[in-house]
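In what follows, a structure is listed as structure tokens, so that the remarks can point back to it.
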Amino acid sequence: KIIGNSVTTIIDLDGGSVGSTVTTLTANAAVGAATLTVASTTGITAGDWLMLLDDRAPDPDKPTRPGGELVKIFSVDSGTALTLVTSSPTATQGDYRGVGGTFDDTAMDGIGAYLTSSNARLAAVTLAEGASVKSLSVINATPGSVANGVGISAGATLNAQIIDVEVSGIDGAGINLGHAVGTKITGCDIHDLVDDSVNNRLGYGINIAGGASDIIISDCTFARLRHGITTDGHANGGIPRRITVSDCRAFQTHHSSFDTHGAGLDITFSNCVSVDSEEYGFSVRGRRVAFRNCEAVRPDSYGFNVSTVPARRIIIDSCTVRDGNSAGLRVGGDGIIDVYVSNFFVDGCGGNGVLLGYGNTRQVIVNSRFFNIG
């Protein structure tokens with residue numbers, strides 16, 4: 001057991017942070033590209049991790065947080081050309097992936113290239129490899145004493161593992177994953193975090209931020225905090241991406257139990273349950289997010305909430321809402337595109353079974369059932 005007393009970060013595994021610009025791009029970096037054309041490769045070597053970003057912000061609510069992603073250099077091909085590692089985060093060349101892309105409303109699916117016209121560039125980053133925390137309780141003995149508190153910070157890490165850990169009383173995030181790659185979190189119990197946004201104490205159970213990617217979270221329990229899991233941008237850039245959350249439970253959260261902010265891409269929640277949320281069971285503002293076999297029980301507001309733009313390409317499949325106080329599913333307005341709902345089941349809600357906002361396009365609901373509505 002580790003007990004913090006007026007400590008901002010109790011366990012700090014951070015490897016570093018995103019630094020200054022290393023080079024700028026001289027050609028756009030298209031989605032799927034395996035090579036980058038840059039002004040200079042001086043100082044860059046094979047195996048380096050870098051942040052690929054441009055100035056456009058994915059989340060309109062946070063315009064100073066640019067989109068981007070962490071990339072690994074496979075080879076330096078010339079004074080102006082780089083080849084990226086395109087398989088798993090630690091592999092050499094293998095299964096093709098390439099540039100993941102950033103939010104771009106002009107692209108057909110909402111994900112587009114990094115643009116030289118928006119100052120596309122590569123920035124330095126250092127990742128710490130192999131850190132782990134196992135079978136430990138991390139407790140803040142003085143809740144309400146610091147701002148932006150963190151129980152375990154695993155930012156700028158590679159392949160960190162956090163297993164069978166209890167976190168409680170933190171003045172902010174229980175676990176923070178800013179620019180983390182390949183993190184695995186399982187069997188954790190995160191509860192009773194301070195949720196006081198006025199004083200910068202945001203009680204996120206697990207906060208996945210910036211260039212974080214390839215994150216696996218399973219079999220965790222959250223109670224009495226702001227969000228069990230959420231994603232967010234970062235002042236140094238990045239859209240959290242390629243995240244899977246499975247078999248997790250959340251009780252009495254003060255806001256949506258499972259959540260993404262506007263910055264979030266390629267995220268799947270499966271077999272997760274929210275019980276007695278004081279707001280929504282599940283809420284999404286990111287892109288290419290799927291909820292599969294999830295259940296919201298007695299949410300005080302919507303069971304599932306596709307909140308607002310930039311939300312796009314959302315899947316809700318084989319999910320259930322029971323005894324909610326408002327709509328089973330709400331899709332906000334102002335231009336949300338591509339929401340696909342199938343095998344949705346609502347048994348008891350105080351409002352509509354499904355509430356669709358104005359100005360949206362391509363919304364499909366099939367094979368769904370609604371009982372005891374209104």
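Each chain of the structure tokens is named A, B, ... in the order shown, its residues numbered from 1; ligands are numbered from 1 in display order.
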
Do you know which residues are at most 12 Å from Asn199 (chain A) counting only C-alpha atoms, after dropping those on the same chain fewer than 5 positions away, and could you put them as a PyMOL selection string?
-> chain A and resi 144-149+171-172+194

May I have a table of the residues of region 124-169 of chain A lying at most 12 Å from region 222-236 of chain A, giving each one's closest pair of atoms and their distance in Å to one decimal, counting only C-alpha atoms, ordered by chain and ascending residue number, as CSV?
residue,atom,partner,partner_atom,distance
A:Ala124,CA,A:Asn236,CA,10.6
A:Val125,CA,A:Asn236,CA,10.3
A:Gly155,CA,A:His234,CA,11.5
A:Ala156,CA,A:Asn236,CA,11.9
A:Val165,CA,A:Phe222,CA,11.9
A:Glu166,CA,A:Phe222,CA,10.0
A:Val167,CA,A:Phe222,CA,9.7
A:Ser168,CA,A:Leu225,CA,9.6
A:Gly169,CA,A:Leu225,CA,9.6

What's the 9 Å shell around Ala27 (chain A), counting only C-alpha atoms, without same-chain residues fewer than 3 positions away, as a short mmCIF file (atom, residue, chain, number, x, y, z; two decimals) with N, CA and C atoms, in the first residue's frame?
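Full text of part-v2.cif as output:
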data_model
loop_
_atom_site.label_atom_id
_atom_site.label_comp_id
_atom_site.auth_asym_id
_atom_site.auth_seq_id
_atom_site.Cartn_x
_atom_site.Cartn_y
_atom_site.Cartn_z
N LEU A 36 7.21 9.27 -45.00
CA LEU A 36 7.01 10.70 -44.80
C LEU A 36 8.11 11.45 -45.54
N THR A 37 7.73 12.54 -46.17
CA THR A 37 8.70 13.43 -46.81
C THR A 37 8.84 14.67 -45.95
N VAL A 38 10.08 14.96 -45.53
CA VAL A 38 10.32 15.99 -44.53
C VAL A 38 11.39 16.96 -45.02
N TYR A 114 -2.42 14.60 -42.59
CA TYR A 114 -1.76 15.72 -41.94
C TYR A 114 -1.28 16.65 -43.04
N LEU A 115 -1.60 17.94 -42.91
CA LEU A 115 -1.44 18.86 -44.02
C LEU A 115 -0.28 19.83 -43.79
N THR A 116 0.53 20.01 -44.82
CA THR A 116 1.59 21.00 -44.74
C THR A 116 1.01 22.41 -44.57
N ALA A 120 2.11 20.67 -40.69
CA ALA A 120 2.40 19.26 -40.37
C ALA A 120 3.88 19.13 -40.01
#

Exercise: Gly98 (chain A) partners within 8 Å, only C-alpha atoms, chain neighbours under 2 positions left out, as a ChimeraX atom specification = /A:31-35,84-87,96,100

6 Å contact set for Ile239 (chain A), only C-alpha atoms, chain neighbours under 4 positions out, as JSON, numbers by chain = {"A": [67, 68, 210, 211, 233, 263, 264]}

Write the residues of the selection above to a file with all heavy atoms, as a compact mmCIF listing (two decimals), in the first residue's frame.
# COMPACT_ATOMS: atom_id res chain seq x y z
N GLY A 67 -4.46 17.75 -33.15
CA GLY A 67 -4.51 16.32 -33.42
C GLY A 67 -3.15 15.77 -33.79
O GLY A 67 -2.26 16.50 -34.26
N GLY A 68 -2.96 14.48 -33.58
CA GLY A 68 -1.68 13.86 -33.93
C GLY A 68 -1.64 12.41 -33.46
O GLY A 68 -2.60 11.88 -32.91
N GLY A 210 -3.78 12.48 -25.35
CA GLY A 210 -2.72 12.81 -26.29
C GLY A 210 -2.49 11.71 -27.30
O GLY A 210 -3.41 11.16 -27.90
N GLY A 211 -1.22 11.35 -27.49
CA GLY A 211 -0.86 10.34 -28.48
C GLY A 211 -0.98 8.91 -28.01
O GLY A 211 -0.44 8.00 -28.66
N GLY A 233 -7.68 15.09 -25.54
CA GLY A 233 -6.53 15.59 -26.26
C GLY A 233 -5.43 16.02 -25.31
O GLY A 233 -5.46 15.73 -24.11
N ALA A 263 -11.59 14.19 -28.67
CA ALA A 263 -10.39 13.50 -29.16
C ALA A 263 -10.46 12.03 -28.74
O ALA A 263 -10.29 11.69 -27.57
CB ALA A 263 -9.12 14.15 -28.61
N GLY A 264 -10.73 11.16 -29.70
CA GLY A 264 -10.80 9.72 -29.46
C GLY A 264 -11.12 9.04 -30.77
O GLY A 264 -12.05 9.45 -31.48

Hey, what does DSSP flag as strand (DSSP E) within region 119-229 of chain A? Can you give it to me as an MDAnalysis selection string?
-> chainID A and resid 121:125 128:129 132:140 149:153 157:158 161:168 172:178 184:186 189:191 204:209 213:218 221:223 227:229

Could you name the residues that touch Asp300 (chain A) at 10 Å or less, counting only C-alpha atoms, but leaving out those on the same chain fewer than 5 positions away, as an MDAnalysis selection string?
-> chainID A and resid 252 254:256 275:281 323:327 349:350

For the selection just defined, write its residues with N, CA, C and O atoms to a file, as a CSV table (one decimal), in the first residue's frame.
chain,number,residue,atom,x,y,z
A,252,GLN,N,-22.4,4.4,-9.8
A,252,GLN,CA,-22.7,5.7,-9.2
A,252,GLN,C,-21.6,6.7,-9.7
A,252,GLN,O,-21.1,7.5,-8.9
A,254,HIS,N,-20.5,10.2,-11.4
A,254,HIS,CA,-21.2,11.5,-11.3
A,254,HIS,C,-21.5,12.0,-12.7
A,254,HIS,O,-22.4,12.9,-12.8
A,255,HIS,N,-20.8,11.6,-13.7
A,255,HIS,CA,-21.1,11.9,-15.1
A,255,HIS,C,-21.2,10.6,-15.9
A,255,HIS,O,-21.3,9.5,-15.2
A,256,SER,N,-21.0,10.6,-17.2
A,256,SER,CA,-21.1,9.3,-17.9
A,256,SER,C,-20.1,8.3,-17.5
A,256,SER,O,-18.9,8.6,-17.3
A,275,VAL,N,-24.1,1.2,-13.8
A,275,VAL,CA,-25.2,1.1,-12.9
A,275,VAL,C,-25.3,2.4,-12.1
A,275,VAL,O,-24.3,2.8,-11.5
A,276,ASP,N,-26.5,2.9,-12.1
A,276,ASP,CA,-26.8,4.1,-11.3
A,276,ASP,C,-25.9,5.3,-11.6
A,276,ASP,O,-25.5,6.1,-10.7
A,277,SER,N,-25.6,5.5,-12.8
A,277,SER,CA,-24.9,6.8,-13.2
A,277,SER,C,-25.8,8.0,-12.9
A,277,SER,O,-27.0,8.0,-13.1
A,278,GLU,N,-25.2,9.0,-12.4
A,278,GLU,CA,-25.9,10.3,-12.1
A,278,GLU,C,-26.1,11.1,-13.4
A,278,GLU,O,-26.7,12.1,-13.4
A,279,GLU,N,-25.5,10.6,-14.5
A,279,GLU,CA,-25.8,11.3,-15.8
A,279,GLU,C,-26.0,10.2,-16.8
A,279,GLU,O,-27.1,9.5,-16.8
A,280,TYR,N,-25.1,9.9,-17.8
A,280,TYR,CA,-25.3,8.9,-18.8
A,280,TYR,C,-24.6,7.6,-18.5
A,280,TYR,O,-23.6,7.6,-17.8
A,281,GLY,N,-25.1,6.5,-19.1
A,281,GLY,CA,-24.4,5.3,-18.9
A,281,GLY,C,-23.1,5.3,-19.8
A,281,GLY,O,-22.0,5.1,-19.3
A,323,ASP,N,-34.6,0.9,-17.1
A,323,ASP,CA,-35.0,1.8,-16.1
A,323,ASP,C,-34.3,3.1,-16.0
A,323,ASP,O,-33.9,3.6,-14.9
A,324,GLY,N,-34.1,3.7,-17.2
A,324,GLY,CA,-33.5,5.0,-17.2
A,324,GLY,C,-34.5,6.1,-17.0
A,324,GLY,O,-35.7,6.0,-17.2
A,325,ASN,N,-34.0,7.3,-16.6
A,325,ASN,CA,-34.9,8.5,-16.4
A,325,ASN,C,-35.1,9.3,-17.6
A,325,ASN,O,-36.0,10.2,-17.6
A,326,SER,N,-34.4,9.1,-18.7
A,326,SER,CA,-34.6,9.8,-19.9
A,326,SER,C,-34.6,8.9,-21.1
A,326,SER,O,-34.9,7.7,-21.0
A,327,ALA,N,-34.2,9.4,-22.3
A,327,ALA,CA,-34.1,8.5,-23.5
A,327,ALA,C,-33.2,7.4,-23.3
A,327,ALA,O,-32.1,7.5,-22.7
A,349,CYS,N,-37.9,3.5,-19.6
A,349,CYS,CA,-37.1,4.8,-19.6
A,349,CYS,C,-38.1,5.9,-19.5
A,349,CYS,O,-39.3,5.8,-20.0
A,350,GLY,N,-37.7,7.0,-19.0
A,350,GLY,CA,-38.6,8.2,-18.7
A,350,GLY,C,-38.9,9.0,-19.9
A,350,GLY,O,-39.7,9.9,-19.8
